[in-house]
file upload_3.cif (mmCIF, C-alpha atoms)
data_upload
#
loop_
_atom_site.label_atom_id
_atom_site.label_comp_id
_atom_site.auth_asym_id
_atom_site.auth_seq_id
_atom_site.Cartn_x
_atom_site.Cartn_y
_atom_site.Cartn_z
CA MET P 1 16.94 -23.80 9.56
CA SER P 2 19.60 -26.37 8.78
CA SER P 3 17.59 -27.55 5.76
CA LEU P 4 17.22 -23.98 4.46
CA LYS P 5 20.95 -23.41 4.82
CA GLN P 6 21.66 -26.62 2.91
CA ASP P 7 19.20 -25.65 0.15
CA ILE P 8 20.87 -22.26 -0.28
CA LYS P 9 24.31 -23.88 -0.36
CA THR P 10 23.17 -26.44 -2.95
CA LYS P 11 21.64 -23.78 -5.19
CA PHE P 12 24.78 -21.63 -4.94
CA LEU P 13 27.01 -24.57 -5.91
CA HIS P 14 24.90 -25.16 -9.04
CA LEU P 15 25.22 -21.57 -10.25
CA HIS P 16 27.57 -20.75 -13.13
CA VAL P 17 30.83 -19.21 -11.93
CA LEU P 18 29.87 -15.78 -13.30
CA GLU P 19 26.56 -16.01 -11.46
CA LYS P 20 28.52 -16.81 -8.29
CA ILE P 21 30.50 -13.63 -8.90
CA ILE P 22 27.19 -11.74 -9.08
CA VAL P 23 26.17 -13.19 -5.71
CA LEU P 24 29.57 -12.31 -4.22
CA ASN P 25 29.50 -8.72 -5.53
CA THR P 26 25.96 -8.20 -4.28
CA SER P 27 26.70 -9.73 -0.86
CA LEU P 28 29.80 -7.57 -0.41
CA PHE P 29 27.83 -4.43 -1.33
CA PHE P 30 25.22 -5.00 1.37
CA LEU P 31 27.88 -6.18 3.84
CA GLY P 32 29.65 -2.88 3.19
CA ILE P 33 26.48 -0.96 4.08
CA ILE P 34 26.18 -2.84 7.38
CA LEU P 35 29.85 -2.36 8.23
CA ASN P 36 29.59 1.36 7.42
CA LEU P 37 26.95 1.66 10.13
CA LEU P 38 29.50 0.16 12.51
CA GLY P 39 32.17 2.61 11.39
CA ILE P 40 34.10 0.18 9.19
CA ASN P 41 34.67 1.07 5.53
CA LEU P 42 35.51 -1.86 3.24
CA LEU P 43 36.65 0.54 0.53
CA ASP P 44 39.50 1.78 2.72
CA TRP P 45 41.07 -1.67 2.59
CA PHE P 46 39.97 -3.26 -0.65
CA SER P 47 39.53 -0.49 -3.26
CA LEU P 48 42.46 0.16 -5.63
CA PRO P 49 44.44 3.31 -4.69
CA TYR P 50 45.63 5.61 -7.44
CA ARG P 51 48.96 6.26 -5.71
CA PHE P 52 51.53 3.57 -6.53
CA SER P 53 53.01 3.63 -3.01
CA GLU P 54 49.59 2.76 -1.57
CA VAL P 55 49.12 -0.04 -4.09
CA LEU P 56 52.36 -1.60 -2.84
CA SER P 57 51.00 -1.61 0.72
CA HIS P 58 47.65 -3.03 -0.48
CA PRO P 59 48.70 -5.47 -3.27
CA TRP P 60 45.49 -7.51 -2.94
CA SER P 61 43.51 -4.47 -4.09
CA ILE P 62 44.52 -5.15 -7.72
CA ILE P 63 41.85 -7.87 -7.60
CA THR P 64 39.54 -7.02 -4.70
CA TYR P 65 38.48 -3.66 -6.18
CA GLY P 66 36.66 -5.66 -8.89
CA PHE P 67 34.19 -7.00 -6.32
CA LEU P 68 33.17 -3.68 -4.73
CA HIS P 69 30.80 -0.91 -5.84
CA HIS P 70 30.12 2.67 -4.78
CA SER P 71 26.37 2.69 -5.35
CA LEU P 72 23.41 0.42 -5.93
CA GLY P 73 23.03 1.74 -9.50
CA HIS P 74 26.69 0.98 -10.24
CA LEU P 75 26.27 -2.53 -8.87
CA PHE P 76 22.95 -3.18 -10.63
CA PHE P 77 24.17 -2.23 -14.11
CA ASN P 78 27.37 -4.27 -13.89
CA MET P 79 25.62 -7.33 -12.48
CA LEU P 80 22.76 -7.13 -14.99
CA VAL P 81 25.22 -7.17 -17.90
CA LEU P 82 27.26 -9.93 -16.26
CA TYR P 83 24.12 -12.03 -15.82
CA PHE P 84 23.38 -11.97 -19.56
CA ILE P 85 27.04 -12.69 -20.34
CA ALA P 86 26.91 -15.68 -17.97
CA GLN P 87 24.16 -17.26 -20.08
CA SER P 88 26.42 -17.17 -23.16
CA PHE P 89 29.49 -18.43 -21.33
CA ALA P 90 27.53 -21.25 -19.65
CA ASN P 91 26.67 -22.70 -23.07
CA LEU P 92 30.02 -22.19 -24.73
CA PHE P 93 32.93 -22.37 -22.27
CA LYS P 94 34.04 -24.22 -19.17
CA PRO P 95 33.43 -22.38 -15.87
CA ARG P 96 37.14 -22.08 -15.08
CA LEU P 97 37.85 -20.31 -18.38
CA SER P 98 34.98 -17.89 -17.73
CA PHE P 99 36.39 -17.11 -14.29
CA LYS P 100 39.91 -16.55 -15.64
CA ILE P 101 38.67 -14.15 -18.32
CA TYR P 102 36.83 -12.11 -15.70
CA ILE P 103 39.74 -12.04 -13.22
CA LEU P 104 42.30 -11.20 -15.90
CA GLY P 105 40.05 -8.34 -17.02
CA VAL P 106 39.99 -7.03 -13.44
CA ILE P 107 43.79 -7.31 -13.21
CA PHE P 108 44.41 -5.61 -16.58
CA GLY P 109 41.93 -2.87 -15.69
CA GLY P 110 43.61 -2.29 -12.34
CA LEU P 111 47.10 -2.21 -13.86
CA ALA P 112 45.98 0.26 -16.53
CA PHE P 113 44.49 2.51 -13.83
CA VAL P 114 47.64 2.39 -11.68
CA PHE P 115 50.12 2.96 -14.51
CA VAL P 116 48.18 5.85 -16.05
CA SER P 117 47.83 7.43 -12.59
CA MET P 118 51.57 7.05 -12.05
CA LEU P 119 52.89 8.04 -15.50
CA ILE P 120 50.50 10.82 -16.58
CA PRO P 121 48.68 11.93 -13.42
CA ASP P 122 47.88 15.42 -14.70
CA LEU P 123 46.48 14.42 -18.09
CA LEU P 124 43.39 12.64 -16.77
CA ARG P 125 41.17 13.37 -13.78
CA ILE P 126 42.28 10.50 -11.60
CA ASN P 127 42.20 11.51 -7.96
CA GLY P 128 40.47 8.72 -6.11
CA PRO P 129 40.51 4.94 -5.59
CA LEU P 130 38.97 2.55 -8.10
CA VAL P 131 36.11 0.12 -7.46
CA GLY P 132 33.73 -1.81 -9.69
CA ALA P 133 33.46 -4.96 -11.80
CA SER P 134 33.38 -3.01 -15.08
CA ALA P 135 36.84 -4.08 -16.28
CA GLY P 136 36.05 -7.76 -15.74
CA VAL P 137 32.62 -7.40 -17.36
CA ARG P 138 34.08 -5.63 -20.39
CA ALA P 139 36.81 -8.25 -20.74
CA CYS P 140 34.11 -10.93 -20.99
CA ILE P 141 32.11 -8.93 -23.55
CA LEU P 142 35.06 -8.20 -25.81
CA PHE P 143 36.29 -11.78 -25.50
CA LEU P 144 33.01 -12.96 -27.03
CA CYS P 145 33.12 -10.29 -29.73
CA VAL P 146 36.65 -11.24 -30.78
CA TYR P 147 36.30 -15.00 -30.40
CA TRP P 148 33.12 -15.09 -32.52
CA PRO P 149 33.29 -11.84 -34.51
CA ASN P 150 30.76 -12.90 -37.15
CA LYS P 151 28.24 -14.55 -34.84
CA PRO P 152 24.89 -12.81 -35.56
CA ILE P 153 23.07 -11.17 -32.67
CA GLY P 154 19.75 -9.36 -32.57
CA PHE P 155 18.67 -6.03 -31.13
CA PHE P 156 14.91 -5.68 -31.57
CA SER P 157 14.49 -6.15 -35.33
CA PHE P 158 18.15 -5.45 -36.22
CA ARG P 159 20.64 -8.28 -36.86
CA PHE P 160 24.37 -7.67 -37.01
CA PRO P 161 27.71 -9.48 -36.39
CA LEU P 162 28.90 -9.57 -32.79
CA LYS P 163 32.13 -7.75 -33.64
CA TYR P 164 30.20 -4.50 -34.22
CA LEU P 165 28.94 -4.60 -30.63
CA GLY P 166 32.54 -4.70 -29.40
CA ILE P 167 33.60 -1.85 -31.68
CA ALA P 168 30.62 0.26 -30.60
CA MET P 169 31.29 -0.31 -26.90
CA VAL P 170 34.94 0.71 -27.17
CA LEU P 171 34.12 3.84 -29.19
CA LEU P 172 31.34 4.88 -26.83
CA ASP P 173 33.67 4.46 -23.85
CA LEU P 174 36.51 6.63 -25.20
CA PRO P 175 34.88 10.04 -24.46
CA GLY P 176 34.86 8.98 -20.82
CA LEU P 177 38.60 9.67 -20.73
CA MET P 178 37.73 13.35 -20.53
CA SER P 179 34.98 12.89 -17.92
CA LEU P 180 35.03 12.95 -14.12
CA ASN P 181 35.20 9.15 -14.27
CA SER P 182 38.35 9.04 -16.39
CA GLY P 183 39.98 6.55 -14.02
CA GLY P 184 37.09 4.16 -14.50
CA THR P 185 37.33 4.54 -18.27
CA VAL P 186 41.05 3.72 -18.17
CA ALA P 187 40.16 0.52 -16.30
CA HIS P 188 37.49 -0.24 -18.94
CA ILE P 189 40.13 0.03 -21.65
CA GLY P 190 42.39 -2.31 -19.70
CA GLY P 191 39.50 -4.78 -19.53
CA TYR P 192 38.87 -4.47 -23.29
CA LEU P 193 42.56 -5.12 -23.97
CA SER P 194 42.50 -8.19 -21.75
CA GLY P 195 39.43 -9.66 -23.47
CA PHE P 196 40.89 -8.94 -26.92
CA LEU P 197 44.25 -10.58 -26.15
CA TYR P 198 42.66 -13.54 -24.38
CA ALA P 199 40.42 -14.35 -27.36
CA LYS P 200 43.22 -13.91 -29.91
CA GLN P 201 45.58 -16.15 -27.95
CA LEU P 202 42.94 -18.80 -27.27
CA LYS P 203 42.21 -19.03 -31.00
CA ILE P 204 45.77 -20.21 -31.55
CA GLY P 205 45.67 -22.60 -28.60
CA LYS P 206 47.30 -20.42 -25.93
CA ASP P 207 45.56 -19.74 -22.62
CA LEU P 208 46.53 -16.25 -21.45
CA GLY P 209 45.19 -17.01 -17.97
CA SER P 210 47.00 -20.32 -17.51
CA PHE P 211 49.08 -18.82 -14.67
CA LEU P 212 45.85 -18.61 -12.66
CA ASP P 213 45.46 -22.39 -12.91
CA VAL P 214 48.21 -22.81 -10.30
CA VAL P 215 46.19 -20.79 -7.77
CA LEU P 216 42.89 -22.42 -8.70
CA ASP P 217 44.35 -25.94 -8.51
CA TYR P 218 45.77 -25.16 -5.07
CA LEU P 219 42.42 -23.86 -3.80
CA LYS P 220 40.70 -26.90 -5.27
CA SER P 221 43.11 -29.26 -3.51
CA VAL P 222 42.61 -27.46 -0.18
CA ASN P 223 38.83 -27.71 -0.58
CA LYS P 224 39.13 -31.41 -1.42
CA LEU P 225 41.19 -32.02 1.74
CA LYS P 226 38.54 -30.26 3.81
CA THR P 227 35.83 -32.39 2.21
CA VAL P 228 37.78 -35.60 2.89
CA HIS P 229 38.41 -34.54 6.49
CA LYS P 230 34.73 -33.72 6.93
CA SER P 231 33.66 -37.05 5.46
CA LYS P 232 35.95 -38.89 7.88
CA SER P 233 34.39 -37.23 10.93
CA PRO P 234 31.71 -39.32 12.74
CA THR P 235 28.28 -39.27 11.13
CA MET P 236 24.86 -40.59 12.07
CA GLY P 237 22.14 -41.14 9.51
CA GLY P 238 24.15 -39.27 6.89
CA LYS P 239 24.45 -36.15 9.08
CA GLN P 240 27.27 -34.79 11.20
CA LYS P 241 26.92 -36.13 14.74
CA LYS P 242 26.30 -32.69 16.22
CA GLU P 243 23.56 -32.00 13.68
CA PHE P 244 22.05 -35.48 14.18
CA ASN P 245 21.87 -35.02 17.95
CA ALA P 246 19.89 -31.80 17.50
CA PHE P 247 16.99 -33.66 15.84
CA PRO P 248 14.10 -35.18 17.81
CA GLN P 249 14.34 -38.96 18.23
CA GLN P 250 11.73 -39.83 15.58
CA LYS P 251 13.62 -37.74 13.03
CA GLN P 252 16.85 -39.54 14.00
CA ILE P 253 15.19 -42.93 13.51
CA ASP P 254 13.78 -41.84 10.14
CA LEU P 255 17.25 -40.76 8.95
CA ILE P 256 18.76 -44.13 9.81
CA LEU P 257 15.85 -46.04 8.27
CA ASP P 258 16.24 -43.92 5.14
CA LYS P 259 19.90 -44.90 5.01
CA ILE P 260 18.89 -48.57 5.27
CA SER P 261 16.39 -48.20 2.42
CA LYS P 262 19.05 -46.66 0.20
CA SER P 263 22.13 -48.70 1.07
CA GLY P 264 20.99 -51.68 3.12
CA TYR P 265 21.38 -52.59 6.79
CA ASP P 266 25.04 -53.51 6.36
CA SER P 267 25.84 -49.90 5.46
CA LEU P 268 25.06 -48.80 9.04
CA THR P 269 27.89 -48.03 11.44
CA GLN P 270 27.98 -49.80 14.78
CA ALA P 271 26.83 -46.60 16.46
CA GLU P 272 23.78 -46.41 14.18
CA LYS P 273 22.92 -50.08 14.85
CA ASP P 274 23.23 -49.51 18.60
CA PHE P 275 21.01 -46.44 18.37
CA LEU P 276 18.26 -48.38 16.57
CA PHE P 277 18.55 -51.21 19.10
CA ARG P 278 18.16 -48.84 22.04
CA ALA P 279 15.28 -46.99 20.34
CA GLY P 280 13.49 -50.30 19.71
CA LYS P 281 13.60 -51.24 23.38
CA LYS P 282 11.82 -48.06 24.49
#

call {"tool": "encode", "arguments": {"input": "upload_3.cif", "output": "structure tokens"}}
result
Amino acid sequence: MSSLKQDIKTKFLHLHVLEKIIVLNTSLFFLGIILNLLGINLLDWFSLPYRFSEVLSHPWSIITYGFLHHSLGHLFFNMLVLYFIAQSFANLFKPRLSFKIYILGVIFGGLAFVFVSMLIPDLLRINGPLVGASAGVRACILFLCVYWPNKPIGFFSFRFPLKYLGIAMVLLDLPGLMSLNSGGTVAHIGGYLSGFLYAKQLKIGKDLGSFLDVVLDYLKSVNKLKTVHKSKSPTMGGKQKKEFNAFPQQKQIDLILDKISKSGYDSLTQAEKDFLFRAGKK
């Protein structure tokens, strides 16, 4: 069980950041289903309200709404598109930049939704909270279209510059302003705007999401401290002592012998040497 957990953790760590977002979105969707059965609704706390007063009492929702979905179909479409986008970003940009583009798209989409709801509430049909990764996904798409406008892409036997995909997506989204999902469309437009501005600024050497680096650097430093603290805790055979003690004796001996084969006898701690000595006397 411990080995399976470690394998899953290792595979997750090797995913591209946008693929990690897919895993997070999917996990939260199914967690929401389980919590609903227990009478707890995640959307009540983490979706983005359309009333400004409620946004002030739930400020985190300007980001958290971008990791929640109403339905399996909603989740599937967004994550499918994000998966294909992740393949492009993995080859072209650093993971942190990809993450910042997505998050900034979510923030821009949320702000657009809130301000339109507040300033012109009667013009559009906005009467419910916002959820979905669409703004972040669209920010990533338009970023690519603006950053490499003339990059050729293929659709079956057709070949055309990437910029036309961006133009088509924006135009096809606009009629949604008059639909029952007008609030979602407003968020889409916010995401498009974010992706457009990010690409334009990056082309001239300015990182629109640089303010997020402060948060990301802080989280990275906290994680590094935890790793250092964990590495300083007592280990046996390369495992945490509690985990080591749960193994049968032969497995414990094998772990220590494996450590010797890799790093030599001198790499053993005194506790590991004592353990081998005691095991040898039995």

call {"tool": "residues_around", "arguments": {"input": "upload_3.cif", "residues": "region 205-216 of chain P", "least_positions_apart": "4", "cutoff": "12 Å", "atoms": "all atoms listed in the file", "output": "CSV table (one decimal) with C-alpha atoms, in the coordinates of the input"}}
result
chain,number,residue,atom,x,y,z
P,95,PRO,CA,33.4,-22.4,-15.9
P,96,ARG,CA,37.1,-22.1,-15.1
P,97,LEU,CA,37.8,-20.3,-18.4
P,98,SER,CA,35.0,-17.9,-17.7
P,99,PHE,CA,36.4,-17.1,-14.3
P,100,LYS,CA,39.9,-16.6,-15.6
P,101,ILE,CA,38.7,-14.2,-18.3
P,102,TYR,CA,36.8,-12.1,-15.7
P,103,ILE,CA,39.7,-12.0,-13.2
P,104,LEU,CA,42.3,-11.2,-15.9
P,105,GLY,CA,40.0,-8.3,-17.0
P,107,ILE,CA,43.8,-7.3,-13.2
P,108,PHE,CA,44.4,-5.6,-16.6
P,143,PHE,CA,36.3,-11.8,-25.5
P,194,SER,CA,42.5,-8.2,-21.8
P,195,GLY,CA,39.4,-9.7,-23.5
P,196,PHE,CA,40.9,-8.9,-26.9
P,197,LEU,CA,44.2,-10.6,-26.2
P,198,TYR,CA,42.7,-13.5,-24.4
P,199,ALA,CA,40.4,-14.4,-27.4
P,200,LYS,CA,43.2,-13.9,-29.9
P,201,GLN,CA,45.6,-16.2,-28.0
P,220,LYS,CA,40.7,-26.9,-5.3
P,221,SER,CA,43.1,-29.3,-3.5
P,222,VAL,CA,42.6,-27.5,-0.2
P,223,ASN,CA,38.8,-27.7,-0.6

call {"tool": "residues_around", "arguments": {"input": "upload_3.cif", "residues": "region 28-40 of chain P", "least_positions_apart": "5", "cutoff": "9 Å", "atoms": "all atoms listed in the file", "output": "list in words"}}
result
Val23, Phe67, Leu68, His69, His70, Ser71, Leu72 and Leu75 of chain P

call {"tool": "write_last_selection", "arguments": {"input": "upload_3.cif", "atoms": "C-alpha atoms", "output": "tab-separated table (two decimals), in the coordinates of the input"}}
result
chain	number	residue	atom	x	y	z
P	23	VAL	CA	26.17	-13.19	-5.71
P	67	PHE	CA	34.19	-7.00	-6.32
P	68	LEU	CA	33.17	-3.68	-4.73
P	69	HIS	CA	30.80	-0.91	-5.84
P	70	HIS	CA	30.12	2.67	-4.78
P	71	SER	CA	26.37	2.69	-5.35
P	72	LEU	CA	23.41	0.42	-5.93
P	75	LEU	CA	26.27	-2.53	-8.87

call {"tool": "residues_around", "arguments": {"input": "upload_3.cif", "residues": "Leu119 (chain P)", "least_positions_apart": "6", "cutoff": "12 Å", "atoms": "all atoms listed in the file", "output": "number ranges by chain"}}
result
P: 50-52, 111-113, 126

call {"tool": "resolve_selection", "arguments": {"input": "upload_3.cif", "expression": "the PyMOL selection byres ((chain P and resi 174) around 12)", "output": "PyMOL selection string"}}
result
chain P and resi 167-173+175-179+181-189+192

call {"tool": "atom_distance", "arguments": {"input": "upload_3.cif", "atom1": "CA of Ser134 (chain P)", "atom2": "CA of Asn78 (chain P)"}}
result
6.3 Å

call {"tool": "residues_around", "arguments": {"input": "upload_3.cif", "residues": "Tyr164 (chain P)", "least_positions_apart": "6", "cutoff": "9 Å", "atoms": "only C-alpha atoms", "output": "PyMOL selection string"}}
result
chain P and resi 145+149-150

call {"tool": "atom_distance", "arguments": {"input": "upload_3.cif", "atom1": "CA of Gly191 (chain P)", "atom2": "CA of Leu56 (chain P)"}}
result
21.3 Å

call {"tool": "closest_residue", "arguments": {"input": "upload_3.cif", "among": "P:Leu165, P:Ile22, P:Asp217, P:Lys273", "to": "Leu142 (chain P)", "atoms": "only C-alpha atoms"}}
result
P:Leu165

call {"tool": "resolve_selection", "arguments": {"input": "upload_3.cif", "expression": "the PyMOL selection byres ((chain P and resi 256) around 12)", "output": "PyMOL selection string"}}
result
chain P and resi 235-239+244+249-255+257-277+279

call {"tool": "closest_residue", "arguments": {"input": "upload_3.cif", "among": "P:Leu13, P:Met118, P:Val131, P:Leu193", "to": "Asp44 (chain P)", "atoms": "all atoms listed in the file"}}
result
P:Val131

call {"tool": "resolve_selection", "arguments": {"input": "upload_3.cif", "expression": "the PyMOL selection byres ((chain P and resi 153) around 12)", "output": "VMD selection string"}}
result
chain P and resid 88 144 to 145 148 to 152 154 to 166

call {"tool": "closest_residue", "arguments": {"input": "upload_3.cif", "among": "P:Leu18, P:Leu219, P:Ala246, P:Leu92", "to": "Met79 (chain P)", "atoms": "all atoms listed in the file"}}
result
P:Leu18

call {"tool": "atom_distance", "arguments": {"input": "upload_3.cif", "atom1": "CA of Ala90 (chain P)", "atom2": "CA of His16 (chain P)"}}
result
6.5 Å

call {"tool": "axis_aligned_box", "arguments": {"input": "upload_3.cif", "around": "region 76-90 of chain P", "padding_each_side": "5 Å", "output": "JSON"}}
result
{"center_x": 26.1, "center_y": -11.7, "center_z": -16.9, "size_x": 16.7, "size_y": 29.0, "size_z": 22.5}

call {"tool": "closest_residue", "arguments": {"input": "upload_3.cif", "among": "P:Pro248, P:Gly66, P:Pro49, P:Gly132", "to": "Phe115 (chain P)", "atoms": "all atoms listed in the file"}}
result
P:Pro49

call {"tool": "closest_residue", "arguments": {"input": "upload_3.cif", "among": "P:Ile8, P:Thr26, P:Lys241, P:Leu180", "to": "Phe76 (chain P)", "atoms": "only C-alpha atoms"}}
result
P:Thr26

call {"tool": "closest_residue", "arguments": {"input": "upload_3.cif", "among": "P:Leu15, P:Val106, P:Leu43, P:Leu202", "to": "Arg138 (chain P)", "atoms": "all atoms listed in the file"}}
result
P:Val106
